[in-house]
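Below: data.cif (mmCIF, C-alpha atoms)
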data_entry
loop_
_atom_site.label_atom_id
_atom_site.label_comp_id
_atom_site.auth_asym_id
_atom_site.auth_seq_id
_atom_site.Cartn_x
_atom_site.Cartn_y
_atom_site.Cartn_z
CA MET A 11 84.63 -219.67 -55.99
CA ASN A 12 85.11 -218.52 -59.53
CA GLN A 13 81.44 -218.81 -60.17
CA LYS A 14 80.64 -216.66 -57.13
CA ILE A 15 83.03 -213.97 -58.32
CA SER A 16 81.66 -213.98 -61.81
CA LEU A 17 78.13 -213.57 -60.48
CA SER A 18 78.99 -210.59 -58.29
CA TYR A 19 80.96 -208.79 -60.96
CA PRO A 20 77.97 -207.27 -62.77
CA ARG A 21 76.59 -206.03 -59.49
CA MET A 22 79.88 -204.34 -58.72
CA ALA A 23 79.96 -202.78 -62.13
CA ILE A 24 76.46 -201.40 -61.66
CA ALA A 25 77.36 -200.10 -58.22
CA MET A 26 80.46 -198.41 -59.60
CA ALA A 27 78.47 -196.85 -62.38
CA VAL A 28 75.90 -195.48 -59.95
CA TYR A 29 78.68 -194.17 -57.70
CA MET A 30 80.41 -192.44 -60.60
CA ALA A 31 77.12 -190.93 -61.68
CA LEU A 32 76.53 -189.55 -58.21
CA LEU A 33 80.06 -188.11 -58.11
CA LEU A 34 79.48 -186.45 -61.45
CA VAL A 35 76.20 -184.88 -60.30
CA VAL A 36 77.76 -183.62 -57.08
CA SER A 37 80.82 -182.20 -58.79
CA VAL A 38 78.74 -180.43 -61.40
CA ALA A 39 76.50 -178.95 -58.73
CA CYS A 40 79.43 -177.72 -56.63
CA GLY A 41 81.27 -176.44 -59.65
CA THR A 42 78.48 -174.17 -60.78
CA GLU A 43 77.93 -172.77 -57.26
CA PHE A 44 81.53 -171.92 -56.31
CA GLY A 45 82.67 -170.97 -59.74
CA SER A 46 80.96 -167.59 -59.57
CA VAL A 47 82.72 -166.69 -56.29
CA ASP A 48 86.23 -168.03 -56.41
CA SER A 49 86.94 -167.84 -60.06
CA PRO A 50 90.37 -166.16 -60.39
CA GLY A 51 89.33 -164.71 -63.68
CA GLU A 52 86.91 -162.39 -61.88
CA THR A 53 88.94 -161.33 -58.86
CA LEU A 54 92.37 -160.77 -60.31
CA PRO A 55 91.50 -158.20 -62.98
CA VAL A 56 89.63 -156.07 -60.44
CA THR A 57 92.29 -156.07 -57.75
CA SER A 58 95.03 -155.25 -60.19
CA SER A 59 93.21 -152.61 -62.19
CA PRO A 60 93.96 -148.90 -61.64
CA ALA A 61 90.40 -148.37 -60.40
CA SER A 62 91.14 -150.61 -57.42
CA GLU A 63 93.70 -148.07 -56.19
CA VAL A 64 91.04 -145.42 -55.69
CA PRO A 65 90.38 -145.00 -51.92
CA GLY A 66 87.24 -146.79 -50.81
CA MET A 67 87.16 -149.21 -53.73
CA ALA A 68 83.64 -147.97 -54.45
CA GLY A 69 83.88 -148.34 -58.18
CA ALA A 70 85.46 -151.74 -58.05
CA ALA A 71 82.91 -152.94 -55.52
CA GLN A 72 80.06 -151.87 -57.76
CA ASN A 73 81.53 -153.56 -60.80
CA ALA A 74 82.32 -156.78 -58.99
CA PRO A 75 80.55 -156.98 -55.63
CA ASN A 76 82.06 -160.34 -54.80
CA THR A 77 85.59 -158.99 -54.99
CA SER A 78 85.22 -156.10 -52.57
CA VAL A 79 85.19 -158.50 -49.64
CA ILE A 80 88.44 -160.04 -50.78
CA VAL A 81 90.25 -156.72 -51.08
CA ASP A 82 88.91 -154.71 -48.14
CA SER A 83 88.60 -157.47 -45.57
CA PRO A 84 91.09 -160.32 -45.88
CA GLY A 85 89.55 -162.14 -42.91
CA THR A 86 91.23 -165.04 -41.18
CA ASP A 87 92.51 -168.45 -42.20
CA ALA A 88 91.35 -171.80 -40.87
CA THR A 89 93.40 -171.41 -37.69
CA GLY A 90 92.05 -167.93 -36.91
CA ASN A 91 95.19 -166.01 -37.86
CA PRO A 92 94.59 -162.83 -39.88
CA LEU A 93 95.44 -163.09 -43.53
CA GLU A 94 97.82 -160.67 -45.16
CA GLU A 95 96.47 -157.67 -46.99
CA PRO A 96 96.50 -157.98 -50.75
CA SER A 97 99.33 -156.07 -52.34
CA THR A 98 96.92 -153.61 -53.96
CA THR A 99 95.83 -152.21 -50.59
CA GLN A 100 99.41 -151.23 -49.73
CA THR A 101 99.49 -148.83 -52.64
CA LYS A 102 96.43 -146.88 -51.51
CA PRO A 103 97.32 -143.22 -50.93
CA SER A 104 96.63 -142.05 -47.37
CA VAL A 105 94.54 -138.97 -46.71
CA SER A 106 97.39 -136.99 -45.22
CA THR A 107 99.61 -137.38 -48.25
CA THR A 108 97.00 -136.66 -50.88
CA PRO A 109 97.66 -133.18 -52.25
CA LEU A 110 94.78 -130.83 -52.72
CA PRO A 111 93.93 -130.02 -56.33
CA SER A 112 95.71 -126.90 -57.42
CA ALA A 113 93.75 -123.90 -58.56
CA SER A 114 93.66 -123.26 -62.28
CA VAL A 115 94.43 -119.57 -61.70
CA PRO A 116 97.55 -118.85 -59.64
CA ALA A 117 96.80 -116.88 -56.48
CA ASP A 118 98.08 -113.35 -56.07
CA THR A 119 100.35 -113.74 -53.06
CA SER A 120 101.53 -110.13 -53.05
CA THR A 121 98.62 -109.01 -50.83
CA VAL A 122 98.42 -112.09 -48.60
CA ALA A 123 100.01 -111.85 -45.16
CA PRO A 124 102.41 -114.68 -44.28
CA ILE A 125 100.71 -117.46 -42.33
CA ARG A 126 102.56 -118.73 -39.29
CA LYS A 127 102.13 -122.24 -38.00
CA VAL A 128 99.89 -122.48 -34.96
CA GLY A 129 101.71 -124.28 -32.20
CA TYR A 130 103.21 -124.03 -28.75
CA ASN A 131 106.86 -123.34 -29.49
CA VAL A 132 108.66 -120.02 -29.72
CA GLY A 133 108.11 -118.45 -33.12
CA GLU A 134 104.77 -120.14 -33.74
CA GLN A 135 101.36 -118.48 -33.75
CA ALA A 136 99.72 -118.94 -30.36
CA PRO A 137 96.47 -120.93 -30.21
CA ASP A 138 93.49 -118.76 -29.33
CA PHE A 139 91.29 -119.53 -26.33
CA VAL A 140 88.80 -117.96 -23.97
CA LEU A 141 89.60 -117.94 -20.28
CA HIS A 142 87.09 -117.47 -17.46
CA SER A 143 88.71 -116.17 -14.32
CA VAL A 144 87.67 -117.18 -10.82
CA THR A 145 86.36 -113.66 -10.24
CA GLY A 146 84.01 -113.80 -13.23
CA GLU A 147 85.92 -111.99 -15.98
CA THR A 148 86.32 -113.44 -19.47
CA TYR A 149 89.49 -113.02 -21.50
CA THR A 150 89.95 -113.92 -25.15
CA VAL A 151 93.59 -114.05 -26.13
CA SER A 152 92.97 -112.99 -29.73
CA GLU A 153 91.06 -109.91 -28.58
CA VAL A 154 93.77 -108.93 -26.13
CA VAL A 155 96.40 -109.28 -28.83
CA ALA A 156 94.27 -107.36 -31.33
CA SER A 157 94.16 -104.46 -28.88
CA GLY A 158 97.94 -104.26 -29.10
CA LYS A 159 98.80 -105.93 -25.80
CA SER A 160 101.02 -108.89 -25.16
CA VAL A 161 100.03 -111.81 -22.94
CA LEU A 162 101.97 -113.78 -20.37
CA LEU A 163 100.44 -117.16 -19.51
CA TYR A 164 101.50 -118.47 -16.14
CA PHE A 165 100.53 -122.11 -15.52
CA PHE A 166 100.70 -122.45 -11.77
CA ALA A 167 99.66 -124.58 -8.82
CA SER A 168 99.12 -123.34 -5.28
CA TRP A 169 101.45 -125.94 -3.76
CA MET B 29 100.59 -106.55 -21.09
CA LEU B 30 98.13 -108.98 -19.58
CA LEU B 31 99.24 -111.66 -17.13
CA LEU B 32 96.89 -114.66 -17.00
CA GLY B 33 97.35 -117.30 -14.32
CA ILE B 34 95.99 -120.74 -15.21
CA ASP B 35 95.85 -123.42 -12.54
CA THR B 36 97.24 -126.86 -13.33
CA ASP B 37 95.71 -128.71 -10.38
CA SER B 38 92.26 -130.13 -11.09
CA PHE B 39 91.50 -130.53 -7.38
CA GLU B 40 91.72 -126.80 -6.67
CA THR B 41 88.33 -125.10 -6.88
CA ALA B 42 87.54 -121.57 -8.05
CA ASP B 43 86.87 -120.39 -4.49
CA TYR B 44 90.11 -121.88 -3.29
CA ILE B 45 92.08 -120.23 -6.09
CA ALA B 46 90.36 -116.88 -5.53
CA ASN B 47 91.17 -116.89 -1.80
CA TRP B 48 94.69 -118.16 -2.43
CA GLY B 49 95.44 -115.38 -4.91
CA LYS B 50 93.84 -112.74 -2.70
CA SER B 51 95.86 -113.82 0.34
CA ARG B 52 99.06 -113.42 -1.66
CA GLY B 53 98.16 -110.08 -3.14
CA PHE B 54 97.89 -111.32 -6.73
CA PHE B 55 96.08 -108.70 -8.75
CA TRP B 56 96.15 -110.50 -12.09
CA PRO B 57 93.37 -112.80 -13.30
CA LEU B 58 93.48 -116.42 -12.20
CA SER B 59 91.51 -119.32 -13.58
CA THR B 60 90.95 -122.92 -12.69
CA LEU B 61 92.42 -125.71 -14.79
CA ASP B 62 91.46 -125.71 -18.46
CA ARG B 63 92.53 -128.99 -20.05
CA ASP B 64 92.02 -127.72 -23.59
CA VAL B 65 94.46 -124.87 -23.01
CA LEU B 66 97.00 -127.21 -21.42
CA VAL B 67 96.79 -129.54 -24.42
CA ALA B 68 96.91 -126.71 -26.98
CA TYR B 69 100.05 -125.26 -25.37
CA ASN B 70 101.57 -128.64 -24.47
CA VAL B 71 101.94 -127.72 -20.82
CA ARG B 72 103.38 -130.66 -18.89
CA THR B 73 104.91 -129.05 -15.81
CA GLN B 74 104.19 -126.21 -13.47
CA SER B 75 105.09 -123.48 -13.54
CA THR B 76 105.28 -123.11 -17.31
CA LYS B 77 105.48 -119.53 -18.57
CA ILE B 78 104.48 -118.66 -22.14
CA GLY B 79 104.77 -115.16 -23.55
CA ILE B 80 102.73 -114.01 -26.56
CA ASP B 81 103.61 -110.72 -28.23
CA SER B 82 101.14 -108.24 -29.69
CA ASN B 83 101.29 -110.09 -33.03
CA GLY B 84 100.03 -113.29 -31.45
CA VAL B 85 103.39 -115.01 -31.78
CA ILE B 86 104.94 -116.99 -28.95
CA VAL B 87 108.17 -115.24 -28.00
CA LEU B 88 108.86 -116.85 -24.65
CA ARG B 89 108.53 -120.32 -23.21
CA GLU B 90 110.01 -121.47 -19.92
CA GLY B 91 109.24 -124.63 -18.01
CA TYR B 92 109.73 -125.76 -14.46
CA GLY B 93 110.94 -123.34 -11.82
CA THR B 94 110.04 -120.18 -9.96
CA ASN B 95 112.84 -118.17 -11.61
CA SER B 96 114.60 -115.12 -10.23
CA VAL B 97 113.38 -111.54 -10.02
CA GLU B 98 115.86 -110.53 -12.69
CA THR B 99 114.56 -113.20 -15.08
CA TRP B 100 110.99 -112.06 -14.56
CA GLN B 101 112.04 -108.48 -15.22
CA GLU B 102 113.61 -109.54 -18.52
CA TRP B 103 110.45 -111.31 -19.57
CA LEU B 104 108.23 -108.38 -18.66
CA VAL B 105 110.45 -105.96 -20.57
CA LEU B 106 110.45 -108.30 -23.57
CA LEU B 107 106.69 -108.63 -23.61
CA SER B 108 105.84 -104.99 -22.89
CA ARG B 109 108.26 -103.68 -25.51
CA ASN B 110 105.58 -103.24 -28.18
CA ASP B 111 102.58 -102.61 -25.94
#

Using structure tokens, write down the structure that the file contains.
Amino acid sequence: MNQKISLSYPRMAIAMAVYMALLLVVSVACGTEFGSVDSPGETLPVTSSPASEVPGMAGAAQNAPNTSVIVDSPGTDATGNPLEEPSTTQTKPSVSTTPLPSASVPADTSTVAPIRKVGYNVGEQAPDFVLHSVTGETYTVSEVVASGKSVLLYFFASW
Amino acid sequence: MLLLGIDTDSFETADYIANWGKSRGFFWPLSTLDRDVLVAYNVRTQSTKIGIDSNGVIVLREGYGTNSVETWQEWLVLLSRND
């Protein structure tokens, strides 16, 4: 029994050595392939830099193409549930709140007529439109008003 | 002052509206439904009345109802004041 064990021991040692060598080769191969994609050292500086807060992330995507996918499209997890947006995307300014750049020279407002909001409530500037009557005439509200007349719109139904 | 009648029923054709207005003695222009105008003026009920003065500003807006003769007279006086 002891002799049988002592004879098989070198074989086991060789097998273990071959197995460890294979593991080492596989780990090295996988490490070099995934390291360029998932390395935190490449993604974190881009997503937290001020350039990443620019709408569109164009600059960040050009500097680090692999990181644009992470920021703009979080994708889903293994169960199919959508992942949460990275915190940097929540700080992106929306289009409606972005102020227009101010002119370097202040405008002379003394000759500019006051601009009323166009809307449908009393006190607001009426929206302009062209109306084609059933008898063939065409009426443009702005032209009627420009001629000094007022307009009464009557939205009716025959019933 | 110009009175413009705009239909709110999409099933009523131009011929139908023309004959309907003629039979009732309406002498003001009538048009079939214009969805863009209804959306722009947020018209949700008939018969909505919207008055625009000679500066292009909305000075009158009334919703549902036929309204009395006296009310119509007030509106016409209001709108024709600067004509």

Select all residues from chain A having any atom no more than 7 Å from an atom of chain B (counting only C-alpha atoms, ignoring ligands), output as JSON, numbers by chain. {"A": [130, 131, 132, 133, 134, 135, 136, 137, 142, 143, 144, 145, 155, 158, 159, 160, 161, 162, 163, 164, 165, 166, 167]}

Selection from above, C-alpha atoms, as a CSV table (one decimal), in the coordinates of the input, can you write it?
chain,number,residue,atom,x,y,z
A,130,TYR,CA,103.2,-124.0,-28.8
A,131,ASN,CA,106.9,-123.3,-29.5
A,132,VAL,CA,108.7,-120.0,-29.7
A,133,GLY,CA,108.1,-118.4,-33.1
A,134,GLU,CA,104.8,-120.1,-33.7
A,135,GLN,CA,101.4,-118.5,-33.8
A,136,ALA,CA,99.7,-118.9,-30.4
A,137,PRO,CA,96.5,-120.9,-30.2
A,142,HIS,CA,87.1,-117.5,-17.5
A,143,SER,CA,88.7,-116.2,-14.3
A,144,VAL,CA,87.7,-117.2,-10.8
A,145,THR,CA,86.4,-113.7,-10.2
A,155,VAL,CA,96.4,-109.3,-28.8
A,158,GLY,CA,97.9,-104.3,-29.1
A,159,LYS,CA,98.8,-105.9,-25.8
A,160,SER,CA,101.0,-108.9,-25.2
A,161,VAL,CA,100.0,-111.8,-22.9
A,162,LEU,CA,102.0,-113.8,-20.4
A,163,LEU,CA,100.4,-117.2,-19.5
A,164,TYR,CA,101.5,-118.5,-16.1
A,165,PHE,CA,100.5,-122.1,-15.5
A,166,PHE,CA,100.7,-122.4,-11.8
A,167,ALA,CA,99.7,-124.6,-8.8

Mind pulling up the distance from CA of Ser51 (chain B) to CA of Ser168 (chain A)?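 Rounded to one decimal, the two atoms are 11.5 Å apart.
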
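Here CA of Glu153 (chain A) and CA of Val140 (chain A) stand 9.5 Å from one another.
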
Build an axis-aligned box that encloses every atom of region 19-29 of chain A listed in the file, pad it by 3 Å on each side, and report its centre and edge lengths in Å to one decimal, as JSON.
{"center_x": 78.4, "center_y": -201.5, "center_z": -60.2, "size_x": 11.1, "size_y": 20.6, "size_z": 11.1}

Between CA of Phe55 (chain B) and CA of Ser152 (chain A) - distance in Å to one decimal: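 These atoms are spaced 21.6 Å apart.
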